[in-house]
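Here the structure comes first, spelled out in structure tokens, and everything after it is commentary.
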Amino acid sequence: MNNQYYSKLIFELSREGRQGYSLPPNEFVNFKIEDLPRQLLRQEGPKLPEVDELTVVRHYTNMSNNNFGVDTGFYPLGSCTMKYNPKINEDMAVHPDFVGLHPFQPAGTVDGALEVYYNLQHSLAELSGMSEFTLNPYAGAHGELTGLMVMRTYHESRGETQRRKVIVPDSAHGTNPASAAVCGLEVVTVKSLADGTVDVDDLRPLLDDTVAGMMMTNPNTLGIFERKIATIAAMVHEAGGLMYYDGANLNPLLGRCRPGDLGFDIMHINLHKTFSTPHGGGGPGSGPVGVRAGLERFLPNPRVVKVSDDETDGFMVQHGDDSLGYVSGHLGNFGVIMRAYAYILSLGRENVKQVGPLATLNANYVKESLKDVFELPIEGVCKHEFVFDGLKDKSTGVTTLDVAKRLLDYGFHAPTIYFPLLFHEAMMIEPTENESRETLDAFIEVLRTIAREARENPDMVKTAPHNTPVRRLDDTKAALEQIVTYNFEA
Amino acid sequence: MAYKYFPHTQDDLDAMLGRCGMKSLDDLYQDIPDELVFKREYDLPDAMSEAEVRRYFNELGRKNVQLTCFAGGGYYDHYSPSVINHILDRSEFLTSYTPYQAEISQGTLQYIFEYQTMMAQLTGMEVSNASMYDGTTAAAEAMMMAVANAKKRNRVLVSETVSPIVRRVLHTYAKFHGVELDTIQEKDGVTSFDDLKNKLAEGNVAGVIVASPNFYGIVEDYTGWADACHEAKALLIMHCNASALGVLKTPGEWGADVAVGDGQSLGIPLSYGGPGVGFLCTSKKLIRKMPGRIVGQTTDAAGQRAFVLTLQAREQHIRREKATSNICSNQSLMALYVTVYLSLMGRKGLREVNEMGYSGAHYLAKRLVESGKFTLAYPDKPFLNEFAVKTDQDLDLLATVGALNDINIGIRIADDTLLICVTEQRTPDEIDQLVEVLTNPLSTKCDCDDDNSPQE
């Protein structure tokens, strides 16, 4: 614990002559780096800290106490699926028989690693109704980019190079249009109806022979299941396009419904959302991409494939000619892949069916318990998350930002705010299946208290947070001054 | 239905469903057409207890062979001090997300600020982003950054001495992003300056990508390169080995505009190739063209120094298809890994690591050449801790004998060429044993048991 904000930087703890490492002696001192031509060496060493080991340990331990994680408390950050990150997964990620493997070890010395890799590919395909997966992409956005590359490669293999348009709903995550642009595709936006689902009438005229495909999350960013998904998929397929499933919101469907059965052709999964691997403050993640039958050969190289003979199953790393190419150095974030497979083994075929329903129950429970004090723009059953459009009572002047900051005072992480852009005061709440009724009740109670505070003492809410390590921050100053490294001269 | 990751009792289910006006969990899916609901059994294993999960990975682990590593090629076996994993296990770091709520995320923001400072120091550049996926994709992002910066020019030149692992990712991104990727020829293991000048003269060049050290471990002399690039209004992008930056001339000193690479060599375990951590550093002038997250210093309402994500107007959640990149996260935890590593090692430790690699590699190279069975592929070229040798012997056979002796002899980069790397992890005994395997393979004693023998 910290009694107060720990604000030091490691550079400020540095004292000349201290060191935090130990190395064995150099046995070959006759060979000296100074023998390299002088113009190839740096003239001045980097300004790195000189600190002893305990100072380093205390510094980062104190720093961690300025942080809030899922292990600290409830983290209802919408569209981020902040579920519990099981500890056994962490142990397996650094398993001594796996963690030292070099990516270019000889064939036959990495069979265990390839088997984990293959088994996770198979499990993801089974759970999502796809034919095959690659685990190479490093993150969700990277998966989107890879999936769109599959889409383009498919059309080009058929000689349809004019298919360069990707249709994206206006409610989509910003990564969808950005990934399409990086992939050299043109983005066309389709409107949402008042209930947040895709406007099929707006979609129809967009469909022609220049369409490469359509990207969708389902449930969408409002937590609403797209009921017309089968119709939409049929329309896009009819026009010769492919359906891309953004797996950001896969969790509520896990165990109930498979994107492959909904008509999607290509998809990515965020292992750091649906498959419980830690978000790590922003990474490393993993964004496996799955495809339906017929598209497998376009997946990125290298690929892990099964080669069986009469006696045993074997696995090998393969480089295919029809592949879209390479999107990663090797086979993705293997450490994250180990964690995700440990999670699937722990859940097993039965428990996995409860993930989506319990996450969905938790979201609906919170929604129903608060809709009298917060504005619920879309009535009806939601999936894993839902959106409030700020406080119902707009007369107080208390904004969604204020409510979010006040939540921090009460020991909860804030929801995702001001997204999706369809509502001015959007608060997107996603409680995962791991949260207990007691936790949800406490959260509900606090939000009701904040609603009351907004009426009785709005200034206190508007100046929140009050109990966090630091107070509200000056974003404008950061953007203007652009101080992005430590100033050693100051 | 009690299960360790689900807290719901039957009472909870009844009460919670009741509040939602529902009777069963199935009612929560009333909005999904029945024919779209999955009703079969999953082809997945039954749930395993924690002990069974452990046993499962132990069993698979026995199918891997732990080899003494003389392979590099972009993935380096450096020592990771114990402190690092203990810090990374602080779940306040591990289980948090991107620091959107800065008031309760100062820990993440502080270490990213430290990371940015350290990477700027290592590369000799002014600014760094908050980290990227890996070294290959960081290079691809730099390539696209150069094209965006040049506006109308879309040609990027990449040296043939840049790792093929990096080049094939560049090639893929270029193909889809509409970048015309052209190569600068290699001559005697280094990039041809003449070919660069010729290709720049052809025009339309937005960026030039070179490596330091290059794929063959050679430390190239880039004197005059920055001027030539800048005269053609092209950005000079240098792909670097992060650890080697502790001693080698920095991209900043060479006059480069962008420095990229993988931070894996800063103590991150090999982990079969990932996660590592990409870095991308540049000048203040180009900061708004930079992809990825950036942390900046500011103050809070009480006037205390604090940190936030800044310059977000470049990013996808605001700019959508006009963003500088589609990247919406960083490789935060691995950036912490690198930050703690560099805090422990400091300038002196990082130098010692490089000295040990240099000494061991040069001793090994000398022994191999003296054996008469190997020659240096590029005898006159300076190298740090990785080098290429040629031999008449069968490299597949040598690799097999090596594996039988629990040694990864290096990476075969041509039928007769082996790329070998020595880090501070390699002991004199291990180096001597490698020499024995490589120079006398048929009489090398195999001391392994049969279960571990690699299958061809």
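Ligands are numbered from 1 in the order shown, chains are lettered A, B, ... in the order of the structure tokens, and residues start at 1 in each chain.
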Run DSSP on the backbone of this structure and report the residues of range 47-261 of chain B it assigns to alpha helix (DSSP H), as JSON, numbers by chain.
{"B": [50, 51, 52, 53, 54, 55, 56, 57, 58, 59, 60, 61, 82, 83, 84, 85, 86, 87, 88, 91, 92, 93, 94, 106, 107, 108, 109, 110, 111, 112, 113, 114, 115, 116, 117, 118, 119, 120, 121, 122, 123, 135, 136, 137, 138, 139, 140, 141, 142, 143, 144, 145, 146, 147, 148, 149, 150, 164, 165, 166, 167, 168, 169, 170, 171, 172, 173, 174, 175, 176, 177, 193, 194, 195, 196, 197, 198, 199, 200, 201, 225, 226, 227, 228, 229, 230, 231, 251, 252, 253, 254]}
Determine, counting only C-alpha atoms, which protein, DNA and RNA residues have an atom within 9 Å of an atom of range 396-401 of chain A; residues of the same chain fewer than 6 positions away are not included. Present the result as an NGL selection string.
:A and (389-390 or 417-418 or 425-427 or 454-456 or 458-459 or 461-462)
Just list the residues in range 126-370 of chain B DSSP gives strand (DSSP E or B) on the backbone, as a JSON list (two decimals) with C-alpha atoms, in the first residue's frame.
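Result saved to result.json:
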[["chain", "number", "residue", "atom", "x", "y", "z"],
["B", 127, "VAL", "CA", 11.08, 10.57, -28.66],
["B", 128, "SER", "CA", 9.74, 7.05, -28.36],
["B", 132, "MET", "CA", 4.60, -1.92, -30.34],
["B", 155, "ARG", "CA", 8.58, 3.91, -52.74],
["B", 156, "VAL", "CA", 10.58, 2.46, -49.87],
["B", 157, "LEU", "CA", 14.03, 0.90, -50.19],
["B", 158, "VAL", "CA", 15.10, -1.90, -47.90],
["B", 159, "SER", "CA", 18.61, -3.27, -47.72],
["B", 180, "GLU", "CA", 6.43, 0.02, -53.70],
["B", 181, "LEU", "CA", 9.10, -1.91, -51.83],
["B", 182, "ASP", "CA", 12.45, -2.16, -53.57],
["B", 183, "THR", "CA", 15.74, -3.64, -52.36],
["B", 184, "ILE", "CA", 19.17, -2.12, -52.04],
["B", 186, "GLU", "CA", 24.15, -6.37, -50.69],
["B", 187, "LYS", "CA", 27.84, -6.54, -51.55],
["B", 190, "VAL", "CA", 27.08, -5.00, -46.38],
["B", 191, "THR", "CA", 24.63, -2.69, -48.14],
["B", 205, "VAL", "CA", 11.63, 7.34, -52.49],
["B", 206, "ALA", "CA", 9.87, 7.98, -49.16],
["B", 207, "GLY", "CA", 12.09, 5.93, -46.89],
["B", 208, "VAL", "CA", 15.19, 3.76, -46.66],
["B", 209, "ILE", "CA", 15.45, 0.84, -44.23],
["B", 210, "VAL", "CA", 18.80, -0.53, -43.07],
["B", 211, "ALA", "CA", 19.90, -2.68, -40.12],
["B", 212, "SER", "CA", 22.46, -2.38, -37.35],
["B", 218, "ILE", "CA", 27.97, -7.19, -39.30],
["B", 235, "LEU", "CA", 13.51, 9.16, -44.15],
["B", 236, "LEU", "CA", 16.36, 6.94, -42.97],
["B", 237, "ILE", "CA", 14.94, 4.11, -40.86],
["B", 238, "MET", "CA", 17.35, 1.99, -38.87],
["B", 239, "HIS", "CA", 16.36, -1.45, -37.59],
["B", 240, "CYS", "CA", 18.45, -2.20, -34.51],
["B", 241, "ASN", "CA", 19.24, -4.85, -31.97],
["B", 248, "LEU", "CA", 27.13, 0.64, -30.98],
["B", 258, "VAL", "CA", 13.37, 6.61, -37.21],
["B", 259, "ALA", "CA", 14.81, 3.81, -35.09],
["B", 260, "VAL", "CA", 12.91, 0.54, -34.81],
["B", 261, "GLY", "CA", 13.57, -2.97, -33.60],
["B", 262, "ASP", "CA", 12.68, -5.54, -31.00],
["B", 278, "GLY", "CA", 8.72, -3.59, -30.73],
["B", 279, "PHE", "CA", 10.16, -0.14, -30.29],
["B", 280, "LEU", "CA", 9.81, 2.92, -32.51],
["B", 281, "CYS", "CA", 11.70, 6.15, -31.81],
["B", 282, "THR", "CA", 11.93, 9.29, -33.87],
["B", 295, "VAL", "CA", 2.64, 8.91, -22.68],
["B", 296, "GLY", "CA", 3.26, 12.53, -21.76],
["B", 297, "GLN", "CA", 3.99, 14.41, -18.57],
["B", 298, "THR", "CA", 1.49, 16.84, -17.09],
["B", 299, "THR", "CA", 0.13, 17.92, -13.71],
["B", 300, "ASP", "CA", -3.02, 17.04, -11.79],
["B", 305, "ARG", "CA", 3.60, 15.80, -11.65],
["B", 306, "ALA", "CA", 1.63, 13.01, -13.30],
["B", 307, "PHE", "CA", 1.34, 11.23, -16.65],
["B", 308, "VAL", "CA", -1.35, 10.69, -19.31],
["B", 309, "LEU", "CA", -1.80, 9.17, -22.75]]
What's the separation between CA of Val327 in chain A and CA of Leu295 in chain A, in Å to one decimal place?
17.0 Å
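Near Arg367 in chain B, within a cut-off of 12 Å and counting only C-alpha atoms, sit the residues Gly360, Ala361, His362, Gly372, Lys373, Phe374, Thr375, Leu376, Val389, Ile431, Asp432, Gln433, Leu434, Val435, Glu436, Leu438 and Thr439 of chain B, with same-chain residues fewer than 5 positions away left out.
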Determine, counting only C-alpha atoms, which protein, DNA and RNA residues have an atom within 12 Å of an atom of Thr189 in chain A; residues of the same chain fewer than 6 positions away are not included. Present the result as a list in words.
Lys165, Val166, Ile167, Val168, Pro169, Asp170, Ser171, Ala172, Gly174, Asn176, Pro177, Ala180, Val198, Asp199, Asp202, Leu203, Pro205, Leu206, Leu207, Met214, Met215 and Met216 of chain A; Arg320 and Glu321 of chain B
When distances are computed from only C-alpha atoms, which of B:Gly346, B:Pro213, B:Gly18, B:Gly402 shows the smallest separation from chain A?
B:Gly346
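If only C-alpha atoms are the atoms counted, then among A:Asp246, A:Asp475, A:Glu132, A:Glu226 the closest residue to Lys383 in chain A is A:Glu226.
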Atom-to-atom span, CA of Pro377 in chain A and CA of Phe423 in chain A, Å
8.5 Å
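Distances from A:Arg303, A:Lys394, A:His384, A:Arg158 to chain B were compared using only C-alpha atoms, and the smallest one belongs to A:His384.
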Need the shell around Gln264 in chain B: protein/DNA/RNA residues with any atom at most 9 Å away, counting only C-alpha atoms. Skip same-chain ones fewer than 4 positions apart. Format as a list in words?
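Once the nearby chain positions are removed, what remains is Gly74, Tyr75, Tyr76, His78, Asp134, Gly135, Asn241, Ala242, Ser243, Ile268, Pro269, Leu270, Gly274, Pro275, Gly276, Val277, Gly278, Met334 and Val338 of chain B.
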Quick one: residues within 10 Å of range 95-101 of chain A, only C-alpha atoms, excluding same-chain residues fewer than 4 positions away - as a PyMOL selection string?
(chain A and resi 89-91+105+109-110+112-113+334-335+338) or (chain B and resi 54+57-69+77+269-274)
Can you work out which one of B:Asn154, B:Thr123, B:Ser24, B:Ser265 has the shortest atom-to-atom distance to Ala234 in chain B, counting only C-alpha atoms?
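So, comparing all the options, the nearest one is B:Asn154.
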